[in-house]
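Engineer: Quick one: structure below, then a few questions.
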Amino acid sequence: MSERPETPQSPGPAGPGARTEAARAAELDAAGPLTATRERFVLDDDTVYLDGNSLGALPRSVPGRIAEVIGREWGELRIRSWTEAGWWTAPERIGEKIAPLLGAAPGQVVVGDSTSVNVFKAVTGAIRMAGKGTTEILVDATTFPTDGYVARSAARMAGLAVRPVEPARIADEVTERTALALVNHVDYRTGELNDMASITAALHTAGALAVWDLCHSAGALPVALDACGADLAVGCTYKYLNGGPGAPAYLYIRRSLQERFESPLPGWNSHSDPFGMAPGYTPADGILRGRVGTPDILSMLALEAALEAWEGVAIEEVRAKSLALTDFFLACVAAYVPAGRVRSVTPADHRRRGSQVSLACPGAGEVMAELIRRGVVGDYRPPDVLRFGFTPLYTSFADAERAAWVLGEVLRDRAADPGPAADPAAADPGVPGGGAG
Ligand SMILES: Cc1ncc(COP(=O)(O)O)c(C=O)c1O
């Protein structure tokens, strides 16, 4: 595991009353690339939105397109839109648009269903491809819960055991009995970035497959599925890809595995001749095998329109700004937050950091509820984590500075009047900023 430094704490040379970092934020916003892309999103100046790692903001390209889909394609063309408006081929067409953000060559990504459902397809598909002597699967011990639940069910159906393993230990723990490991690229709670290349290589050396969950990395940093030799991957599109609430997820199947991929959900959309209505199942060639049933067209086409926000944007620029934003936020926290009140659980090392900062803090649920009341929207993850997500396409350095300032105010106010936080149950107001993880 990487080091987890205490966030340096000092009120700053000018004391707690001064916004010492505000001028620097203005400079960084003026100089930085990706300042103008903020205009591609619907945002308001009263709110600092740092929850794009749960639900991305609304791209301006979406409402008009959805109005057109409803009014013209559904309202007037009706059933003709399956062919004339390209509805039928939307899952693979939109997959091609996402593929460059995943480091995937064409023909390997298909969009549809939720991430949870795609975890089931990927894990079961991998189990079915695994060698005969395998007896277990490894699951990232720090995984977002749904992956663990689904993987356990898939393993049980195949008669395999499940062994939770910390991502950093996978290379030591994998054996010739391991069918696969399911690993989160970025840890949803701490923001730690796992090393896809080395973990995948270690799995392959032992003869196991690598299945990656990209929910917290795709759109936030360069992902290199092909270059790392990843076998299968899944991810959601409502976080850094801004596809909207419940937007469909995607499934990546490495091209050289596609012929061996046997879907556990062989719906008619993945049939080689879906309109032949044959009683027997024959899988389509290629990535179409990842489809299941009728795609949710409204969500899918909202996602397609949302991807226009990426026009002319290089993911390397996104990564550079993400690291600058998270560094700057940590510096502002150090300057503004009373000493010892928060501790960063996000790796300081850039090579191990995703695009969020997670601060452990007593009474974190209440603190986040108060931050949201004061216009700073992050979220809270039990038991004690304040999560702040940075979406470089629209998060500004001024946002980072204001969020740290308000956090300092909230924590100073609580020190003066601690309220009911002594009782942890009373301190937990639910899931402020709740929604997908
Ligand atoms: C890492 C990770 N995996 C899986 C999921 C579950 O996605 P879904 O609810 O779309 O199935 C989430 C949701 O936020 C997530 O963060």
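Every chain in the structure tokens takes a letter, A first, then B, and so on in the order presented; its residues are numbered from 1, and the ligands are numbered from 1 following the presented order.
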Which chains and residue numbers are within 10 Å of ligand 1, counting only C-alpha atoms and all ligand atoms, if I want them as an MDAnalysis selection string?

Structural biologist: chainID A and resid 53:55 113:119 142:148 150 183:189 212:217 234:239 245:250 435:437

Engineer: List every residue of region 19-244 of chain A that DSSP, applied to the backbone of this structure, assigns to strand (DSSP E or B), and report them as a ChimeraX atom specification.

Structural biologist: /A:41-42,48-49,58-59,109-111,136-140,161-165,178-184,186,192-193,209-213,218,221,232-235

Engineer: Mind checking which residues fall within 8 Å of Val174 (chain A), counting only C-alpha atoms, ignoring those fewer than 3 positions away in the same chain, and posting them as a ChimeraX atom specification?

Structural biologist: /A:138,170-171,177-178,202-203,206,208

Engineer: What's around region 15-30 of chain A at 10 Å? Count only C-alpha atoms, leave out sequence neighbours fewer than 4 positions away in its own chain, and write the answer as a list in words.

Structural biologist: Ser10, Pro11, Leu34, Thr35, Ala36, Lys321, Ala324, Leu325, Phe328, Phe329, Ala331, Cys332, Ala335, Tyr336, Val337, Pro338, Thr395, Ser396, Phe397, Ala398, Asp399, Ala400, Glu401, Arg402, Ala404, Trp405, Gly408, Glu409 and Arg412 of chain A

Engineer: Which residues are near Thr282 (chain A)? Cut-off 10 Å, only C-alpha atoms, ignore same chain within fewer than 2 positions. Put them as a list of chain:residue names.

Structural biologist: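 Once the nearby chain positions are removed, what remains is A:Pro266, A:Trp268, A:Ser270, A:His271, A:Ser272, A:Asp273, A:Pro274, A:Ala278, A:Pro279, A:Gly280, A:Ala284, A:Asp285, A:Arg289.
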
Engineer: Extract the full set of helix (DSSP H, G or I) residues from region 3-240 of chain A according to DSSP on the backbone, and format it as an NGL selection string.

Structural biologist: :A and (22-31 or 36-40 or 61-84 or 90-102 or 115-129 or 145-158 or 167-173 or 196-205 or 225-228)

Engineer: Using CA of Tyr281 (chain A) and CA of Ala104 (chain A) as the two end points, give the distance in Å to one decimal.

Structural biologist: 28.2 Å
